[in-house]
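S.K.: Contents of target-v2.cif (mmCIF, C-alpha atoms) are given next:
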```
data_data
loop_
_atom_site.label_atom_id
_atom_site.label_comp_id
_atom_site.auth_asym_id
_atom_site.auth_seq_id
_atom_site.Cartn_x
_atom_site.Cartn_y
_atom_site.Cartn_z
CA MET A 1 -4.31 -17.03 10.93
CA ASP A 2 -0.61 -16.27 10.53
CA VAL A 3 0.49 -13.87 7.78
CA LEU A 4 4.19 -13.93 6.97
CA LYS A 5 4.43 -12.26 3.56
CA ALA A 6 3.49 -8.86 2.17
CA VAL A 7 3.13 -8.28 -1.58
CA ILE A 8 3.91 -4.76 -2.84
CA PRO A 9 2.93 -4.18 -6.48
CA ALA A 10 5.47 -1.73 -7.91
CA ALA A 11 5.50 -2.52 -11.64
CA GLY A 12 3.25 0.31 -12.84
CA LEU A 13 4.27 3.15 -15.12
CA GLY A 14 3.46 5.93 -12.66
CA MET A 15 1.39 7.78 -15.24
CA ARG A 16 0.07 10.35 -12.77
CA LEU A 17 3.62 11.42 -11.92
CA LEU A 18 5.07 11.83 -15.39
CA PRO A 19 7.50 13.14 -16.50
CA VAL A 20 9.63 12.42 -13.41
CA SER A 21 8.45 8.78 -13.25
CA LYS A 22 9.93 8.25 -16.73
CA ALA A 23 13.40 8.22 -15.17
CA VAL A 24 12.71 7.51 -11.48
CA PRO A 25 10.30 4.79 -10.34
CA LYS A 26 7.46 6.55 -8.54
CA GLU A 27 7.96 4.22 -5.57
CA LEU A 28 11.39 5.80 -5.01
CA LEU A 29 10.17 9.39 -5.05
CA PRO A 30 11.00 10.94 -1.66
CA LEU A 31 8.71 11.80 1.19
CA VAL A 32 11.05 14.03 3.22
CA ASP A 33 14.21 11.86 3.20
CA LYS A 34 12.89 8.37 2.46
CA PRO A 35 11.13 7.02 -0.63
CA MET A 36 7.47 6.09 -0.33
CA LEU A 37 8.37 2.42 -0.76
CA HIS A 38 10.50 2.60 2.38
CA TYR A 39 7.54 3.79 4.46
CA VAL A 40 5.38 0.90 3.25
CA VAL A 41 8.05 -1.69 4.06
CA GLU A 42 8.43 -0.11 7.51
CA GLU A 43 4.69 -0.50 8.03
CA ALA A 44 4.96 -4.20 7.21
CA LEU A 45 7.86 -4.64 9.61
CA ASP A 46 5.99 -2.75 12.35
CA ALA A 47 3.11 -5.21 11.85
CA GLY A 48 5.47 -8.17 12.27
CA ILE A 49 5.75 -9.14 8.59
CA THR A 50 9.34 -9.52 7.43
CA GLN A 51 9.06 -11.35 4.07
CA ILE A 52 8.49 -8.69 1.41
CA VAL A 53 7.54 -9.66 -2.16
CA ILE A 54 7.94 -6.71 -4.54
CA VAL A 55 6.50 -6.88 -8.06
CA THR A 56 8.73 -5.01 -10.51
CA SER A 57 8.97 -4.54 -14.27
CA HIS A 58 11.45 -3.54 -16.96
CA GLY A 59 13.36 -0.39 -16.06
CA LYS A 60 12.79 -0.69 -12.33
CA ASP A 61 16.02 -2.33 -11.22
CA ALA A 62 16.54 0.65 -8.91
CA LEU A 63 13.91 -0.81 -6.57
CA ALA A 64 16.13 -3.78 -5.81
CA ASP A 65 19.22 -1.56 -5.74
CA TYR A 66 17.65 0.61 -3.04
CA PHE A 67 17.40 -2.32 -0.64
CA ASP A 68 20.93 -3.60 -1.28
CA PRO A 69 22.94 -3.68 1.98
CA ALA A 70 25.16 -0.61 2.42
CA PRO A 71 26.87 -0.87 5.84
CA HIS A 72 29.57 1.58 4.66
CA LEU A 73 26.91 4.26 4.20
CA GLU A 74 25.44 3.46 7.60
CA LYS A 75 28.89 4.01 9.11
CA ILE A 76 29.28 7.37 7.35
CA LEU A 77 25.88 8.52 8.58
CA GLU A 78 26.70 7.52 12.14
CA GLU A 79 30.03 9.35 11.98
CA ARG A 80 28.14 12.46 10.87
CA GLY A 81 25.74 12.18 13.80
CA GLU A 82 22.78 11.09 11.65
CA ALA A 83 21.95 8.03 13.70
CA SER A 84 18.24 7.90 12.78
CA ALA A 85 19.01 7.75 9.04
CA ALA A 86 21.59 5.03 9.66
CA ALA A 87 19.08 3.07 11.74
CA ALA A 88 16.45 3.32 8.98
CA MET A 89 18.88 1.83 6.47
CA ARG A 90 20.08 -0.84 8.90
CA ARG A 91 16.53 -1.96 9.60
CA MET A 92 15.93 -2.75 5.93
CA ARG A 93 19.14 -4.77 5.86
CA THR A 94 18.69 -6.73 9.08
CA GLU A 95 14.92 -7.24 9.46
CA ALA A 96 13.45 -7.58 5.97
CA GLU A 97 13.81 -10.43 3.50
CA PHE A 98 13.11 -9.32 -0.07
CA ILE A 99 11.83 -11.33 -3.03
CA PHE A 100 11.48 -9.61 -6.42
CA VAL A 101 8.98 -10.89 -8.98
CA ARG A 102 8.91 -9.53 -12.54
CA GLN A 103 5.61 -8.55 -14.17
CA HIS A 104 6.36 -8.55 -17.88
CA GLU A 105 3.13 -6.82 -18.90
CA GLN A 106 1.22 -4.20 -16.95
CA LEU A 107 -2.18 -5.91 -17.01
CA GLY A 108 -3.67 -4.47 -13.86
CA LEU A 109 -3.41 -4.88 -10.09
CA GLY A 110 -5.07 -8.28 -10.15
CA HIS A 111 -2.49 -9.56 -12.60
CA ALA A 112 0.37 -8.08 -10.55
CA VAL A 113 -0.84 -9.95 -7.46
CA TYR A 114 -1.36 -13.14 -9.49
CA THR A 115 2.29 -13.12 -10.61
CA THR A 116 3.34 -13.64 -6.98
CA ARG A 117 1.46 -16.91 -6.53
CA HIS A 118 4.63 -19.06 -6.55
CA ALA A 119 6.52 -16.70 -4.24
CA VAL A 120 3.61 -16.54 -1.79
CA GLY A 121 2.61 -20.20 -1.89
CA ASP A 122 -0.39 -21.70 -0.15
CA GLU A 123 -0.67 -19.26 2.74
CA PRO A 124 -2.48 -16.01 3.53
CA PHE A 125 -0.65 -12.82 2.65
CA ALA A 126 -0.90 -9.04 2.70
CA VAL A 127 -1.08 -6.66 -0.26
CA MET A 128 0.15 -3.09 0.18
CA LEU A 129 -0.07 -0.40 -2.48
CA PRO A 130 3.08 1.73 -2.17
CA ASP A 131 1.50 5.07 -3.09
CA ASP A 132 -1.05 4.79 -0.27
CA ILE A 133 0.88 6.29 2.62
CA ILE A 134 -1.11 5.93 5.85
CA ASP A 135 -0.08 7.77 9.00
CA ALA A 136 -1.61 5.82 11.87
CA PRO A 137 -0.95 5.31 15.60
CA THR A 138 -1.13 1.56 15.01
CA PRO A 139 0.13 0.31 11.62
CA VAL A 140 -2.89 -0.14 9.35
CA LEU A 141 -1.58 -3.53 8.32
CA GLY A 142 -1.52 -4.47 11.99
CA GLN A 143 -5.14 -3.34 12.34
CA LEU A 144 -6.15 -5.56 9.41
CA LEU A 145 -4.14 -8.50 10.76
CA ALA A 146 -6.01 -8.31 14.06
CA THR A 147 -9.33 -8.44 12.20
CA ALA A 148 -8.17 -11.30 9.94
CA GLN A 149 -7.07 -13.33 12.95
CA GLN A 150 -10.30 -12.64 14.83
CA TYR A 151 -12.57 -13.68 11.95
CA ASN A 152 -10.18 -16.05 10.13
CA GLY A 153 -10.78 -14.52 6.70
CA SER A 154 -9.71 -12.02 4.10
CA VAL A 155 -9.94 -8.34 5.05
CA VAL A 156 -9.87 -5.17 2.95
CA ALA A 157 -9.15 -1.70 4.32
CA VAL A 158 -11.88 0.89 3.76
CA GLU A 159 -12.38 4.56 4.50
CA GLU A 160 -15.31 6.94 4.24
CA VAL A 161 -15.23 8.71 0.87
CA PRO A 162 -17.03 11.98 -0.02
CA PRO A 163 -19.82 11.47 -2.59
CA GLU A 164 -18.05 13.52 -5.26
CA ARG A 165 -15.03 11.17 -5.13
CA ILE A 166 -16.80 7.83 -4.75
CA SER A 167 -16.57 7.02 -8.47
CA GLY A 168 -12.79 6.64 -8.13
CA TYR A 169 -13.00 3.72 -5.70
CA GLY A 170 -14.08 0.14 -5.35
CA VAL A 171 -17.00 0.45 -2.93
CA ILE A 172 -18.36 -2.21 -0.58
CA ASP A 173 -21.90 -3.13 0.34
CA PRO A 174 -21.37 -3.57 4.09
CA GLU A 175 -23.10 -5.45 6.88
CA ASP A 176 -22.10 -4.14 10.32
CA ILE A 177 -20.42 -6.73 12.55
CA SER A 178 -18.75 -4.56 15.17
CA ASP A 179 -17.38 -1.05 15.46
CA GLY A 180 -15.46 -0.44 12.24
CA VAL A 181 -15.69 -4.05 11.00
CA TYR A 182 -18.06 -5.19 8.27
CA LYS A 183 -19.00 -8.31 6.37
CA VAL A 184 -18.71 -7.51 2.66
CA LEU A 185 -21.93 -8.46 0.89
CA ASP A 186 -20.85 -7.10 -2.49
CA MET A 187 -18.39 -4.68 -4.03
CA VAL A 188 -18.76 -2.35 -6.99
CA GLU A 189 -15.81 -0.96 -8.92
CA LYS A 190 -15.98 2.82 -9.50
CA PRO A 191 -19.75 3.30 -9.20
CA SER A 192 -21.62 6.53 -9.81
CA GLN A 193 -22.86 8.39 -6.74
CA GLN A 194 -26.35 7.03 -7.38
CA ASP A 195 -25.19 3.41 -7.70
CA ALA A 196 -22.71 3.32 -4.83
CA PRO A 197 -23.88 0.81 -2.17
CA SER A 198 -22.20 2.82 0.62
CA ASN A 199 -19.63 5.54 1.22
CA LEU A 200 -16.92 3.02 2.16
CA GLY A 201 -14.17 2.88 -0.45
CA ILE A 202 -11.45 0.24 -0.60
CA VAL A 203 -7.90 1.56 -0.20
CA GLY A 204 -4.50 -0.01 -0.65
CA ARG A 205 -4.22 -2.54 2.18
CA TYR A 206 -5.50 -6.12 2.04
CA ILE A 207 -5.15 -9.43 3.86
CA LEU A 208 -6.01 -12.24 1.45
CA THR A 209 -6.29 -16.00 1.68
CA PRO A 210 -4.38 -18.04 -0.96
CA GLU A 211 -7.65 -19.07 -2.64
CA VAL A 212 -7.66 -15.62 -4.21
CA PHE A 213 -5.08 -16.83 -6.74
CA GLU A 214 -7.50 -19.39 -8.17
CA ALA A 215 -10.16 -16.69 -8.24
CA LEU A 216 -7.82 -14.32 -10.08
CA SER A 217 -7.12 -17.01 -12.67
CA ARG A 218 -10.82 -16.82 -13.59
CA VAL A 219 -11.11 -13.03 -13.79
CA LYS A 220 -11.99 -11.69 -17.22
CA PRO A 221 -10.05 -8.63 -18.48
CA GLY A 222 -11.90 -5.31 -18.35
CA ALA A 223 -12.27 -2.67 -21.03
CA LYS A 224 -8.56 -1.76 -20.85
CA GLY A 225 -7.47 -5.40 -20.90
CA GLU A 226 -6.62 -5.28 -17.19
CA LEU A 227 -7.40 -7.77 -14.45
CA GLN A 228 -8.86 -6.06 -11.38
CA LEU A 229 -8.04 -7.30 -7.88
CA THR A 230 -11.55 -6.38 -6.74
CA ASP A 231 -12.99 -8.76 -9.36
CA GLY A 232 -10.86 -11.56 -7.92
CA ILE A 233 -12.02 -10.75 -4.39
CA ALA A 234 -15.62 -10.76 -5.61
CA LEU A 235 -15.12 -14.30 -6.93
CA LEU A 236 -13.44 -15.28 -3.67
CA MET A 237 -16.61 -14.16 -1.87
CA GLU A 238 -18.48 -17.00 -3.58
CA ILE A 239 -16.65 -19.51 -1.36
CA GLN A 240 -15.46 -17.44 1.62
CA THR A 241 -16.62 -14.55 3.75
CA VAL A 242 -14.63 -11.38 3.14
CA TYR A 243 -14.48 -8.64 5.76
CA ALA A 244 -13.70 -4.94 5.71
CA ARG A 245 -12.00 -2.81 8.36
CA ARG A 246 -12.46 0.94 8.61
CA PHE A 247 -8.95 1.79 9.69
CA GLU A 248 -7.74 4.44 12.11
CA GLY A 249 -5.29 6.85 10.50
CA VAL A 250 -4.82 9.43 7.77
CA ARG A 251 -4.21 8.24 4.22
CA HIS A 252 -2.23 10.21 1.65
CA ASP A 253 -2.47 9.35 -2.05
CA ALA A 254 1.17 9.93 -2.91
CA GLY A 255 0.69 8.71 -6.48
CA ASN A 256 -0.13 12.19 -7.81
CA PRO A 257 1.81 15.49 -7.51
CA LEU A 258 -0.45 17.21 -4.97
CA GLY A 259 -0.79 14.09 -2.84
CA LEU A 260 2.98 13.59 -2.88
CA ILE A 261 3.50 17.15 -1.64
CA LYS A 262 0.82 16.85 1.04
CA ALA A 263 2.25 13.58 2.31
CA SER A 264 5.78 14.97 2.48
CA VAL A 265 4.69 18.14 4.29
CA SER A 266 2.51 16.22 6.75
CA LEU A 267 5.30 13.79 7.60
CA ALA A 268 7.89 16.58 7.88
CA LEU A 269 5.69 18.57 10.27
CA LYS A 270 5.77 15.62 12.70
CA ARG A 271 9.56 15.52 12.74
CA PRO A 272 10.91 17.51 15.73
CA GLU A 273 14.04 18.57 13.84
CA LEU A 274 12.03 19.82 10.85
CA GLY A 275 8.50 20.59 12.00
CA PRO A 276 8.91 23.94 13.81
CA ALA A 277 11.00 25.56 11.06
CA LEU A 278 8.73 24.20 8.33
CA LYS A 279 5.61 25.43 10.13
CA GLU A 280 7.11 28.91 10.46
CA TRP A 281 8.05 28.96 6.77
CA LEU A 282 4.59 27.80 5.71
CA ARG A 283 3.01 30.50 7.87
CA SER A 284 5.19 33.16 6.23
CA LYS A 285 4.27 31.94 2.76
CA MET A 286 0.58 32.09 3.59
CA GLU A 287 1.00 35.72 4.65
CA GLU A 288 2.66 36.81 1.41
#
```
Now that the file is in, can you turn its structure into structure tokens?
M.R.:
Amino acid sequence: MDVLKAVIPAAGLGMRLLPVSKAVPKELLPLVDKPMLHYVVEEALDAGITQIVIVTSHGKDALADYFDPAPHLEKILEERGEASAAAAMRRMRTEAEFIFVRQHEQLGLGHAVYTTRHAVGDEPFAVMLPDDIIDAPTPVLGQLLATAQQYNGSVVAVEEVPPERISGYGVIDPEDISDGVYKVLDMVEKPSQQDAPSNLGIVGRYILTPEVFEALSRVKPGAKGELQLTDGIALLMEIQTVYARRFEGVRHDAGNPLGLIKASVSLALKRPELGPALKEWLRSKMEE
């Protein structure tokens, strides 16, 4: 099946990154020299998806401002010999088409996705959480797209989670289909170690069929009044098979201070113009 649109929920309050997220949307916090949102959009483009639907909220106009065309800045960067930075900006301007949808109340991830139903229409789409930064040889979204096309169904990304952290994830009950691909028999939101059906936790990449919108319309709010995306997917499973893909790559949770630092350092170490000097500095700090 063809997937042309990617939904990026970016309307949250960024509670784990306060106080800085009070003034700066967490999605614009930098990882080296680009905001985390930029990396996620690049992943979508690398997977062949160019229509980007971003869910925003009050006080987050800077998200749209960031993607405004700025050819004059590209020219300045090129004149200064910073061609790679200019190319990164130009790619957003020339390859991506942005649609911004306002979520007026923060009622959970399921509600954020549901607000995009008119922008997405009656077609399958991707969902990408912007604070899940995944460094992978093949874009994780591309890995999921290959699985969705092979099995013609919705796919969630999963990774193996240590037992002591399993209660922070939605966890699948898997049936092996092939290496790294599973049929989802059930999913449990934030189970205890004893109740977890597996060690495979759902992370922030999804390919979903449009029927999920009808399922989300039937989801009941949880204890905090929020609509969970996993609850909508569970209802979708009543009429369709949902699959899971254990992706290849390293995921960084950039939505908390330590994860943001780890992601930035890891990405910087891979940059030839930054990596050697950073590695030497880190070594010297460890020896102090």
S.K.: Can you translate the PyMOL selection byres ((chain A and resi 111) around 8) into the concrete residues it hits in this file, as a list in words?
M.R.: Gln106, Leu107, Gly108, Leu109, Gly110, Ala112, Val113, Tyr114, Thr115, Leu216, Glu226, Leu227, Gln228 and Leu229 of chain A
S.K.: With distances taken over all atoms listed in the file, which of A:Ile172, A:Glu211, A:Ser264, A:Ala254 is nearest to Thr230 of chain A?
M.R.: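 Checking each candidate against Thr230 of chain A, we get A:Ile172 as the closest.
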S.K.: Go through A:Leu29, A:Val140, A:Ala88, A:Ala146 and flag the residue nearest Pro257 of chain A, using all atoms listed in the file for the distances.
M.R.: A:Leu29
S.K.: Which residues of segment 83-103 of chain A have any atom within 10 Å of an atom in segment 39-54 of chain A when counting all atoms listed in the file, and what is the closest pair of atoms for each, with the distance in Å to one decimal? Order the rows by chain and rising number and write it as a Markdown table.
M.R.:
```
| residue | atom | partner | partner_atom | distance |
| --- | --- | --- | --- | --- |
| A:Ala88 | CA | A:Glu42 | CA | 8.8 |
| A:Arg91 | CA | A:Glu42 | CA | 8.6 |
| A:Met92 | CA | A:Glu42 | CA | 8.1 |
| A:Thr94 | CA | A:Thr50 | CA | 9.9 |
| A:Glu95 | CA | A:Thr50 | CA | 6.4 |
| A:Ala96 | CA | A:Thr50 | CA | 4.8 |
| A:Glu97 | CA | A:Gln51 | CA | 4.9 |
| A:Phe98 | CA | A:Ile52 | CA | 4.9 |
| A:Ile99 | CA | A:Val53 | CA | 4.7 |
| A:Phe100 | CA | A:Ile54 | CA | 4.9 |
| A:Val101 | CA | A:Ile54 | CA | 6.2 |
| A:Arg102 | CA | A:Ile54 | CA | 8.5 |
```
S.K.: Keeping only C-alpha atoms, write the selected residues as a PDB file, in the frame of the given file.
M.R.:
```pdb
ATOM      1  CA  ALA A  88      16.450   3.320   8.980  1.00  0.00           C
ATOM      2  CA  ARG A  91      16.530  -1.960   9.600  1.00  0.00           C
ATOM      3  CA  MET A  92      15.930  -2.750   5.930  1.00  0.00           C
ATOM      4  CA  THR A  94      18.690  -6.730   9.080  1.00  0.00           C
ATOM      5  CA  GLU A  95      14.920  -7.240   9.460  1.00  0.00           C
ATOM      6  CA  ALA A  96      13.450  -7.580   5.970  1.00  0.00           C
ATOM      7  CA  GLU A  97      13.810 -10.430   3.500  1.00  0.00           C
ATOM      8  CA  PHE A  98      13.110  -9.320  -0.070  1.00  0.00           C
ATOM      9  CA  ILE A  99      11.830 -11.330  -3.030  1.00  0.00           C
ATOM     10  CA  PHE A 100      11.480  -9.610  -6.420  1.00  0.00           C
ATOM     11  CA  VAL A 101       8.980 -10.890  -8.980  1.00  0.00           C
ATOM     12  CA  ARG A 102       8.910  -9.530 -12.540  1.00  0.00           C
TER      13      ARG A 102
END
```
S.K.: One decimal, in Å: what's the spacing between atom CA of Gly222 of chain A and atom CA of Met187 of chain A?
M.R.: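 According to the coordinates, atom CA of Gly222 of chain A and atom CA of Met187 of chain A are separated by 15.7 Å.
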S.K.: Can you work out which one of A:Val265, A:Val127, A:Leu37, A:Val32 has the shortest atom-to-atom distance to Ala85 of chain A, counting only C-alpha atoms?
M.R.: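 The shortest atom-to-atom distance to Ala85 of chain A comes from A:Val32.
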S.K.: Could you tell me how far atom CA of Leu185 of chain A lies from atom CA of Val203 of chain A, in Å and to one decimal?
M.R.: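 Interatomic distance, atom CA of Leu185 of chain A to atom CA of Val203 of chain A: 17.3 Å.
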S.K.: Grab the atom CA of Glu175 of chain A to atom CA of Lys220 of chain A distance for me, in Å with one decimal place.
M.R.: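 Distance reported for this atom pair: 27.3 Å.
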